[in-house]
$ cat run.pdb   # PDB, C-alpha atoms
ATOM      1  CA  VAL A   1      71.227  13.993 -35.490
ATOM      2  CA  LYS A   2      71.350  13.211 -31.787
ATOM      3  CA  GLY A   3      75.145  13.098 -31.899
ATOM      4  CA  ARG A   4      75.174  16.795 -32.809
ATOM      5  CA  LEU A   5      73.149  17.924 -29.784
ATOM      6  CA  ALA A   6      76.067  18.257 -27.345
ATOM      7  CA  LYS A   7      77.353  21.179 -29.408
ATOM      8  CA  TYR A   8      74.157  23.015 -28.470
ATOM      9  CA  GLY A   9      74.209  22.054 -24.806
ATOM     10  CA  ARG A  10      71.575  19.357 -25.159
ATOM     11  CA  THR A  11      71.547  15.605 -24.526
ATOM     12  CA  ALA A  12      70.294  12.821 -26.766
ATOM     13  CA  ASP A  13      67.223  12.202 -24.610
ATOM     14  CA  GLN A  14      66.079  15.773 -25.198
ATOM     15  CA  LEU A  15      65.259  14.981 -28.824
ATOM     16  CA  VAL A  16      62.640  12.458 -29.903
ATOM     17  CA  ILE A  17      62.715  11.202 -33.504
ATOM     18  CA  LEU A  18      59.311   9.980 -34.714
ATOM     19  CA  PRO A  19      59.217   9.238 -38.473
ATOM     20  CA  GLY A  20      55.912   8.798 -40.265
ATOM     21  CA  PHE A  21      54.886   5.153 -40.676
ATOM     22  CA  ALA A  22      52.174   4.329 -43.250
ATOM     23  CA  PRO A  23      51.325   0.650 -42.797
ATOM     24  CA  ILE A  24      48.907  -1.789 -44.396
ATOM     25  CA  VAL A  25      48.512  -4.548 -41.815
ATOM     26  CA  ALA A  26      46.394  -7.711 -41.719
ATOM     27  CA  ASP A  27      46.485 -11.066 -39.958
ATOM     28  CA  THR A  28      48.609 -12.512 -42.768
ATOM     29  CA  GLU A  29      50.968 -10.990 -45.311
ATOM     30  CA  ALA A  30      48.816 -12.344 -48.149
ATOM     31  CA  GLU A  31      45.761 -10.498 -46.797
ATOM     32  CA  ALA A  32      47.783  -7.300 -46.461
ATOM     33  CA  ARG A  33      49.050  -7.636 -50.050
ATOM     34  CA  ASP A  34      45.468  -8.063 -51.259
ATOM     35  CA  ILE A  35      44.490  -4.820 -49.502
ATOM     36  CA  GLU A  36      47.531  -3.097 -51.002
ATOM     37  CA  GLN A  37      46.617  -4.226 -54.519
ATOM     38  CA  GLU A  38      43.046  -3.040 -54.061
ATOM     39  CA  LEU A  39      44.234   0.377 -52.905
ATOM     40  CA  HIS A  40      46.604   0.588 -55.876
ATOM     41  CA  SER A  41      43.696  -0.147 -58.228
ATOM     42  CA  TYR A  42      41.965   3.042 -57.066
ATOM     43  CA  VAL A  43      44.890   5.312 -57.949
ATOM     44  CA  ASP A  44      44.212   7.771 -60.765
ATOM     45  CA  THR A  45      47.368   6.886 -62.707
ATOM     46  CA  LYS A  46      47.301   9.844 -65.084
ATOM     47  CA  ARG A  47      46.818  12.376 -62.306
ATOM     48  CA  ALA A  48      49.468  10.723 -60.122
ATOM     49  CA  LEU A  49      51.969  10.709 -63.012
ATOM     50  CA  ASN A  50      51.315  14.384 -63.686
ATOM     51  CA  GLU A  51      51.882  15.250 -60.022
ATOM     52  CA  LEU A  52      55.123  13.253 -59.871
ATOM     53  CA  SER A  53      56.298  14.747 -63.171
ATOM     54  CA  GLU A  54      55.751  18.240 -61.792
ATOM     55  CA  ARG A  55      57.458  17.404 -58.514
ATOM     56  CA  PHE A  56      60.581  15.937 -60.110
ATOM     57  CA  GLU A  57      60.616  18.023 -63.310
ATOM     58  CA  VAL A  58      60.672  14.901 -65.484
ATOM     59  CA  ASN A  59      57.769  14.052 -67.803
ATOM     60  CA  LEU A  60      57.009  10.525 -66.648
ATOM     61  CA  ASN A  61      54.197  10.260 -69.199
ATOM     62  CA  ASP A  62      56.898   9.781 -71.853
ATOM     63  CA  TYR A  63      57.867   6.436 -70.307
ATOM     64  CA  ASP A  64      56.259   3.056 -69.802
ATOM     65  CA  LEU A  65      54.999   2.418 -66.265
ATOM     66  CA  ASP A  66      57.368  -0.527 -65.942
ATOM     67  CA  ASP A  67      60.450   1.445 -67.025
ATOM     68  CA  PRO A  68      63.037   2.334 -64.371
ATOM     69  CA  VAL A  69      62.552   5.714 -62.710
ATOM     70  CA  PRO A  70      64.433   8.240 -64.949
ATOM     71  CA  VAL A  71      65.110  10.784 -62.229
ATOM     72  CA  ASP A  72      68.432  12.519 -61.715
ATOM     73  CA  ARG A  73      68.558  12.973 -57.948
ATOM     74  CA  ALA A  74      70.774  16.085 -58.031
ATOM     75  CA  LYS A  75      68.606  17.806 -60.611
ATOM     76  CA  ALA A  76      65.419  16.931 -58.757
ATOM     77  CA  ALA A  77      66.745  18.109 -55.399
ATOM     78  CA  GLU A  78      67.919  21.387 -56.885
ATOM     79  CA  ALA A  79      64.609  22.024 -58.637
ATOM     80  CA  PHE A  80      62.241  20.945 -55.885
ATOM     81  CA  ASN A  81      60.674  23.782 -53.919
ATOM     82  CA  GLY A  82      58.673  21.780 -51.365
ATOM     83  CA  ILE A  83      59.856  19.687 -48.428
ATOM     84  CA  ARG A  84      63.223  18.681 -49.862
ATOM     85  CA  SER A  85      63.972  15.951 -47.321
ATOM     86  CA  ARG A  86      60.679  14.195 -48.157
ATOM     87  CA  GLN A  87      61.457  14.335 -51.858
ATOM     88  CA  GLU A  88      64.978  13.013 -51.302
ATOM     89  CA  VAL A  89      63.614  10.054 -49.319
ATOM     90  CA  VAL A  90      61.445   9.038 -52.265
ATOM     91  CA  ILE A  91      64.271   9.454 -54.793
ATOM     92  CA  ASP A  92      66.781   7.630 -52.609
ATOM     93  CA  ALA A  93      64.375   4.696 -52.238
ATOM     94  CA  ALA A  94      63.731   4.632 -55.978
ATOM     95  CA  ARG A  95      67.442   4.486 -56.768
ATOM     96  CA  ARG A  96      68.330   2.059 -53.974
ATOM     97  CA  GLU A  97      65.534  -0.409 -54.749
ATOM     98  CA  ASN A  98      65.552   0.106 -58.539
ATOM     99  CA  PHE A  99      61.915   1.197 -58.634
ATOM    100  CA  THR A 100      59.896   1.162 -61.781
ATOM    101  CA  ILE A 101      57.711   4.208 -62.388
ATOM    102  CA  ARG A 102      54.698   2.135 -61.311
ATOM    103  CA  GLN A 103      56.380   1.264 -58.000
ATOM    104  CA  LEU A 104      57.358   4.890 -57.417
ATOM    105  CA  LEU A 105      53.789   5.962 -58.114
ATOM    106  CA  HIS A 106      52.386   3.456 -55.617
ATOM    107  CA  ARG A 107      55.001   4.259 -52.958
ATOM    108  CA  SER A 108      54.388   7.978 -53.289
ATOM    109  CA  ASN A 109      50.620   7.610 -53.068
ATOM    110  CA  GLY A 110      50.727   5.121 -50.211
ATOM    111  CA  GLY A 111      53.014   6.989 -47.858
ATOM    112  CA  HIS A 112      53.435  10.469 -49.336
ATOM    113  CA  GLY A 113      57.156  10.230 -48.624
ATOM    114  CA  HIS A 114      56.770   8.513 -45.239
ATOM    115  CA  ILE A 115      57.843   4.939 -44.497
ATOM    116  CA  THR A 116      55.462   2.465 -46.127
ATOM    117  CA  PHE A 117      54.934  -1.087 -44.950
ATOM    118  CA  THR A 118      52.726  -3.999 -46.004
ATOM    119  CA  GLY A 119      52.594  -7.220 -44.004
ATOM    120  CA  SER A 120      51.188  -9.225 -41.146
ATOM    121  CA  VAL A 121      50.697  -8.090 -37.554
ATOM    122  CA  LEU A 122      53.835  -9.930 -36.452
ATOM    123  CA  GLN A 123      55.863  -8.549 -39.373
ATOM    124  CA  ALA A 124      54.768  -5.015 -38.476
ATOM    125  CA  ALA A 125      55.844  -5.548 -34.879
ATOM    126  CA  ASP A 126      59.185  -6.985 -36.071
ATOM    127  CA  PHE A 127      59.742  -3.948 -38.317
ATOM    128  CA  ILE A 128      59.018  -1.478 -35.517
ATOM    129  CA  GLU A 129      61.164  -3.420 -33.048
ATOM    130  CA  GLN A 130      64.115  -3.497 -35.450
ATOM    131  CA  TRP A 131      64.017   0.266 -35.942
ATOM    132  CA  PHE A 132      63.580   0.936 -32.230
ATOM    133  CA  ARG A 133      66.256  -1.437 -30.929
ATOM    134  CA  ASN A 134      68.768  -0.215 -33.534
ATOM    135  CA  TYR A 135      68.210   3.442 -32.547
ATOM    136  CA  ALA A 136      66.762   4.396 -35.915
ATOM    137  CA  ALA A 137      63.679   5.883 -34.244
ATOM    138  CA  ASP A 138      62.260   6.573 -30.797
ATOM    139  CA  GLY A 139      58.766   5.772 -32.045
ATOM    140  CA  PHE A 140      56.509   6.441 -35.007
ATOM    141  CA  ASN A 141      53.720   8.707 -36.161
ATOM    142  CA  VAL A 142      51.319   6.023 -37.379
ATOM    143  CA  LEU A 143      49.545   6.983 -40.631
ATOM    144  CA  PRO A 144      47.546   3.928 -41.787
ATOM    145  CA  GLN A 145      46.785   3.907 -45.503
ATOM    146  CA  LEU A 146      43.226   2.739 -44.828
ATOM    147  CA  PHE A 147      40.745   4.338 -42.408
ATOM    148  CA  PRO A 148      39.201   3.412 -40.076
ATOM    149  CA  THR A 149      39.966  -0.298 -40.401
ATOM    150  CA  GLY A 150      43.712   0.153 -40.852
ATOM    151  CA  LEU A 151      43.952   2.129 -37.631
ATOM    152  CA  GLU A 152      41.702  -0.321 -35.788
ATOM    153  CA  THR A 153      43.872  -3.268 -36.862
ATOM    154  CA  PHE A 154      47.011  -1.471 -35.728
ATOM    155  CA  VAL A 155      45.554  -0.502 -32.349
ATOM    156  CA  ASP A 156      43.797  -3.803 -31.661
ATOM    157  CA  LYS A 157      46.525  -6.169 -32.877
ATOM    158  CA  VAL A 158      49.915  -4.530 -33.434
ATOM    159  CA  VAL A 159      49.920  -2.481 -30.221
ATOM    160  CA  PRO A 160      49.202  -5.521 -27.973
ATOM    161  CA  GLU A 161      52.032  -7.407 -29.698
ATOM    162  CA  LEU A 162      54.377  -4.476 -29.052
ATOM    163  CA  GLN A 163      53.217  -4.418 -25.420
ATOM    164  CA  ASN A 164      53.994  -8.140 -25.098
ATOM    165  CA  ARG A 165      57.523  -7.338 -26.260
ATOM    166  CA  GLY A 166      57.891  -4.503 -23.759
ATOM    167  CA  LEU A 167      58.058  -1.909 -26.538
ATOM    168  CA  PHE A 168      54.817  -0.016 -25.915
ATOM    169  CA  ARG A 169      53.361   1.469 -22.753
ATOM    170  CA  THR A 170      50.339  -0.091 -21.072
ATOM    171  CA  GLU A 171      49.308   3.211 -19.516
ATOM    172  CA  TYR A 172      50.194   6.860 -19.914
ATOM    173  CA  GLU A 173      52.825   8.337 -17.633
ATOM    174  CA  GLY A 174      51.486  11.877 -17.695
ATOM    175  CA  THR A 175      48.652  14.094 -18.836
ATOM    176  CA  THR A 176      50.469  16.056 -21.564
ATOM    177  CA  LEU A 177      52.126  15.035 -24.824
ATOM    178  CA  ARG A 178      55.449  16.354 -23.502
ATOM    179  CA  GLU A 179      55.223  14.135 -20.403
ATOM    180  CA  ASN A 180      54.237  11.063 -22.399
ATOM    181  CA  LEU A 181      57.172  11.583 -24.754
ATOM    182  CA  GLY A 182      59.493  11.764 -21.751
ATOM    183  CA  LEU A 183      60.563  15.328 -22.499
ATOM    184  CA  ALA A 184      61.314  17.741 -19.676
ATOM    185  CA  ARG A 185      59.755  21.179 -19.754
ATOM    186  CA  PRO A 186      62.418  23.743 -20.780
ATOM    187  CA  ALA A 187      63.283  26.436 -18.294
ATOM    188  CA  ASN A 188      61.587  29.766 -18.881
ATOM    189  CA  THR A 189      64.231  32.034 -20.381
ATOM    190  CA  ARG A 190      62.079  35.155 -20.006
ATOM    191  CA  HIS A 191      62.382  36.932 -16.693
ATOM    192  CA  HIS A 192      59.459  39.109 -15.701
ATOM    193  CA  SER A 193      58.676  40.712 -12.386
ATOM    194  CA  SER A 194      55.623  39.428 -10.584
ATOM    195  CA  ALA A 195      53.997  42.831 -11.113
ATOM    196  CA  ALA A 196      54.518  42.573 -14.853
ATOM    197  CA  ALA A 197      53.187  39.030 -14.856
ATOM    198  CA  ASP A 198      50.027  40.178 -13.042
ATOM    199  CA  ARG A 199      49.439  43.173 -15.307
ATOM    200  CA  PRO A 200      46.274  42.772 -17.427
ATOM    201  CA  ALA A 201      46.784  42.431 -21.166
ATOM    202  CA  GLY A 202      45.971  45.370 -23.424
TER
END
$ encode --input "run.pdb" --output "structure tokens"
Amino acid sequence: VKGRLAKYGRTADQLVILPGFAPIVADTEAEARDIEQELHSYVDTKRALNELSERFEVNLNDYDLDDPVPVDRAKAAEAFNGIRSRQEVVIDAARRENFTIRQLLHRSNGGHGHITFTGSVLQAADFIEQWFRNYAADGFNVLPQLFPTGLETFVDKVVPELQNRGLFRTEYEGTTLRENLGLARPANTRHHSSAAADRPAG
């Protein structure tokens, strides 16, 4: 995406890519997996299957939960009327990782099409570092699957680990979101006279 910016007179640093990241994080991977399994146990399977069936125009209720996902990507993409890129991410993951319907159901509920992750504090930091250092993302919109404890764990444990690695700020550079993302304010393309600018509205 950034490689296409020059055509529009923009540079790579003028675009920030921040994918959604829906983590389940604990001190150990085993603890995180336990939390994940507990969250999965609360899923209303019938309702979730009906929603996925409607989204992908395939009646998943006709299959066993441990059957492979029977979704034709081209058909689903053509039929889907929502956020197509989000739907394609889910389908691509299902095909690439050979998801069962049960796994697709859990992935869809856990991240709603965003990146899902389950693991320890150090594993979460490793995952984020790999994406960042390989230019797959400039950062993440963090969407913990469990509130408030999931967010507290991320802030209190993952963020300090990222700071130790030099990957996360220790203080804010500015007072606005634009400044803290390192984005310059675009020039005003509207030219008004000072008299027009001072004229009261209405």
$ closest_residue --input "run.pdb" --among "A:Ala12, A:Ala22, A:Ile17, A:Leu39" --to "His114 in chain A" --atoms "all atoms listed in the file"
A:Ala22
$ resolve_selection --input "run.pdb" --expression "the PyMOL selection byres ((chain A and resi 110) around 9)" --output "JSON, numbers by chain"
{"A": [22, 23, 36, 39, 40, 105, 106, 107, 108, 109, 111, 112, 113, 114, 116, 145]}
$ write_last_selection --input "run.pdb" --atoms "C-alpha atoms" --output "PDB file, in the frame of the given file"
ATOM      1  CA  ALA A  22      52.174   4.329 -43.250  1.00  0.00           C
ATOM      2  CA  PRO A  23      51.325   0.650 -42.797  1.00  0.00           C
ATOM      3  CA  GLU A  36      47.531  -3.097 -51.002  1.00  0.00           C
ATOM      4  CA  LEU A  39      44.234   0.377 -52.905  1.00  0.00           C
ATOM      5  CA  HIS A  40      46.604   0.588 -55.876  1.00  0.00           C
ATOM      6  CA  LEU A 105      53.789   5.962 -58.114  1.00  0.00           C
ATOM      7  CA  HIS A 106      52.386   3.456 -55.617  1.00  0.00           C
ATOM      8  CA  ARG A 107      55.001   4.259 -52.958  1.00  0.00           C
ATOM      9  CA  SER A 108      54.388   7.978 -53.289  1.00  0.00           C
ATOM     10  CA  ASN A 109      50.620   7.610 -53.068  1.00  0.00           C
ATOM     11  CA  GLY A 111      53.014   6.989 -47.858  1.00  0.00           C
ATOM     12  CA  HIS A 112      53.435  10.469 -49.336  1.00  0.00           C
ATOM     13  CA  GLY A 113      57.156  10.230 -48.624  1.00  0.00           C
ATOM     14  CA  HIS A 114      56.770   8.513 -45.239  1.00  0.00           C
ATOM     15  CA  THR A 116      55.462   2.465 -46.127  1.00  0.00           C
ATOM     16  CA  GLN A 145      46.785   3.907 -45.503  1.00  0.00           C
TER      17      GLN A 145
END
$ atom_distance --input "run.pdb" --atom1 "CA of Leu162 in chain A" --atom2 "CA of Ala184 in chain A"
25.1 Å
$ atom_distance --input "run.pdb" --atom1 "CA of Asp66 in chain A" --atom2 "CA of Thr100 in chain A"
5.2 Å
$ atom_distance --input "run.pdb" --atom1 "CA of Phe56 in chain A" --atom2 "CA of Arg95 in chain A"
13.8 Å
$ closest_residue --input "run.pdb" --among "A:Asn59, A:Phe99, A:Ala94, A:Ala26" --to "Thr149 in chain A" --atoms "all atoms listed in the file"
A:Ala26
$ closest_residue --input "run.pdb" --among "A:Leu177, A:Thr153, A:Ile128, A:Ala137" --to "Arg165 in chain A" --atoms "all atoms listed in the file"
A:Ile128
$ closest_residue --input "run.pdb" --among "A:Val69, A:Gln163, A:Thr118, A:Arg133" --to "Ala30 in chain A" --atoms "all atoms listed in the file"
A:Thr118
$ residues_near_point --input "run.pdb" --point "(59.6, 11.1, -57.5)" --cutoff "6 Å" --atoms "all atoms listed in the file" --output "number ranges by chain"
A: 52, 56, 90-91
$ resolve_selection --input "run.pdb" --expression "the PyMOL selection byres ((chain A and resi 19) around 9)" --output "list in words"
Ile17, Leu18, Gly20, Phe21, His114, Ile115, Ala137, Asp138, Gly139, Phe140, Asn141 and Val142 of chain A
$ closest_residue --input "run.pdb" --among "A:Tyr63, A:Glu179, A:Val159, A:Ile24" --to "Glu38 in chain A" --atoms "only C-alpha atoms"
A:Ile24
$ closest_residue --input "run.pdb" --among "A:Asp64, A:Ala124, A:Tyr42, A:Phe154" --to "Arg102 in chain A" --atoms "only C-alpha atoms"
A:Asp64
$ decode --input "run.pdb" --residues "range 13-27 of chain A" --atoms "all heavy atoms" --output "CSV table (one decimal), in the first residue's frame"
chain,number,residue,atom,x,y,z
A,13,ASP,N,5.9,7.7,4.9
A,13,ASP,CA,5.7,8.1,6.3
A,13,ASP,C,4.5,8.9,6.5
A,13,ASP,O,4.1,9.3,7.6
A,13,ASP,CB,6.9,8.8,6.8
A,13,ASP,CG,7.3,10.1,6.1
A,13,ASP,OD1,6.5,10.4,5.1
A,13,ASP,OD2,8.3,10.8,6.4
A,14,GLN,N,3.7,9.2,5.4
A,14,GLN,CA,2.5,10.0,5.5
A,14,GLN,C,1.3,9.0,5.6
A,14,GLN,O,0.1,9.5,5.7
A,14,GLN,CB,2.3,10.9,4.3
A,14,GLN,CG,3.3,12.0,4.2
A,14,GLN,CD,3.1,12.9,3.0
A,14,GLN,OE1,3.2,12.3,1.8
A,14,GLN,NE2,2.9,14.1,3.1
A,15,LEU,N,1.5,7.7,5.7
A,15,LEU,CA,0.5,6.8,5.9
A,15,LEU,C,0.9,5.8,7.1
A,15,LEU,O,2.0,5.3,7.1
A,15,LEU,CB,0.3,5.9,4.6
A,15,LEU,CG,-0.7,4.8,4.8
A,15,LEU,CD1,-2.2,5.3,5.0
A,15,LEU,CD2,-0.7,3.9,3.5
A,16,VAL,N,0.0,5.7,8.0
A,16,VAL,CA,0.2,4.8,9.2
A,16,VAL,C,-0.7,3.6,9.1
A,16,VAL,O,-2.0,3.8,9.0
A,16,VAL,CB,0.1,5.6,10.5
A,16,VAL,CG1,0.3,4.6,11.7
A,16,VAL,CG2,1.1,6.7,10.6
A,17,ILE,N,-0.2,2.4,9.1
A,17,ILE,CA,-1.0,1.2,9.0
A,17,ILE,C,-1.1,0.6,10.4
A,17,ILE,O,-0.1,0.2,11.0
A,17,ILE,CB,-0.5,0.2,8.0
A,17,ILE,CG1,-0.5,0.9,6.6
A,17,ILE,CG2,-1.2,-1.1,8.0
A,17,ILE,CD1,0.1,0.0,5.5
A,18,LEU,N,-2.4,0.5,11.0
A,18,LEU,CA,-2.6,0.1,12.3
A,18,LEU,C,-3.7,-1.0,12.3
A,18,LEU,O,-4.8,-0.7,12.6
A,18,LEU,CB,-3.0,1.3,13.2
A,18,LEU,CG,-2.1,2.5,13.3
A,18,LEU,CD1,-2.7,3.6,14.0
A,18,LEU,CD2,-0.8,2.1,14.0
A,19,PRO,N,-3.3,-2.3,12.1
A,19,PRO,CA,-4.4,-3.3,12.1
A,19,PRO,C,-4.9,-3.5,13.5
A,19,PRO,O,-4.2,-3.3,14.5
A,19,PRO,CB,-3.6,-4.5,11.6
A,19,PRO,CG,-2.2,-4.3,11.9
A,19,PRO,CD,-2.0,-2.8,11.7
A,20,GLY,N,-6.1,-4.1,13.5
A,20,GLY,CA,-6.7,-4.4,14.8
A,20,GLY,C,-6.0,-5.7,15.4
A,20,GLY,O,-5.7,-6.6,14.6
A,21,PHE,N,-5.8,-5.7,16.7
A,21,PHE,CA,-5.1,-6.8,17.3
A,21,PHE,C,-5.9,-7.2,18.6
A,21,PHE,O,-6.0,-6.4,19.5
A,21,PHE,CB,-3.7,-6.3,17.7
A,21,PHE,CG,-2.8,-7.4,18.4
A,21,PHE,CD1,-2.6,-8.6,17.8
A,21,PHE,CD2,-2.2,-7.1,19.6
A,21,PHE,CE1,-1.8,-9.5,18.5
A,21,PHE,CE2,-1.4,-8.0,20.3
A,21,PHE,CZ,-1.2,-9.2,19.7
A,22,ALA,N,-6.4,-8.4,18.5
A,22,ALA,CA,-7.3,-8.9,19.6
A,22,ALA,C,-6.6,-10.0,20.4
A,22,ALA,O,-6.8,-11.2,20.1
A,22,ALA,CB,-8.6,-9.4,19.0
A,23,PRO,N,-5.9,-9.6,21.4
A,23,PRO,CA,-5.1,-10.6,22.1
A,23,PRO,C,-5.7,-11.1,23.4
A,23,PRO,O,-6.6,-10.5,24.0
A,23,PRO,CB,-3.8,-9.8,22.5
A,23,PRO,CG,-4.4,-8.4,22.8
A,23,PRO,CD,-5.5,-8.2,21.8
A,24,ILE,N,-5.3,-12.4,23.7
A,24,ILE,CA,-5.6,-12.9,25.1
A,24,ILE,C,-4.2,-13.2,25.6
A,24,ILE,O,-3.4,-14.0,25.1
A,24,ILE,CB,-6.4,-14.2,25.0
A,24,ILE,CG1,-7.8,-14.0,24.4
A,24,ILE,CG2,-6.5,-14.9,26.4
A,24,ILE,CD1,-8.5,-15.3,24.2
A,25,VAL,N,-3.8,-12.4,26.6
A,25,VAL,CA,-2.4,-12.5,27.2
A,25,VAL,C,-2.4,-12.8,28.7
A,25,VAL,O,-3.3,-12.3,29.4
A,25,VAL,CB,-1.7,-11.2,26.9
A,25,VAL,CG1,-0.3,-11.2,27.4
A,25,VAL,CG2,-1.7,-10.8,25.4
A,26,ALA,N,-1.5,-13.7,29.1
A,26,ALA,CA,-1.3,-14.0,30.5
A,26,ALA,C,0.2,-14.2,30.7
A,26,ALA,O,1.0,-14.1,29.8
A,26,ALA,CB,-2.1,-15.2,30.9
A,27,ASP,N,0.5,-14.4,32.0
A,27,ASP,CA,2.0,-14.6,32.3
A,27,ASP,C,2.6,-15.8,31.5
A,27,ASP,O,3.7,-15.8,31.2
A,27,ASP,CB,2.1,-14.8,33.8
A,27,ASP,CG,1.9,-13.5,34.6
A,27,ASP,OD1,2.1,-12.4,34.0
A,27,ASP,OD2,1.5,-13.6,35.7
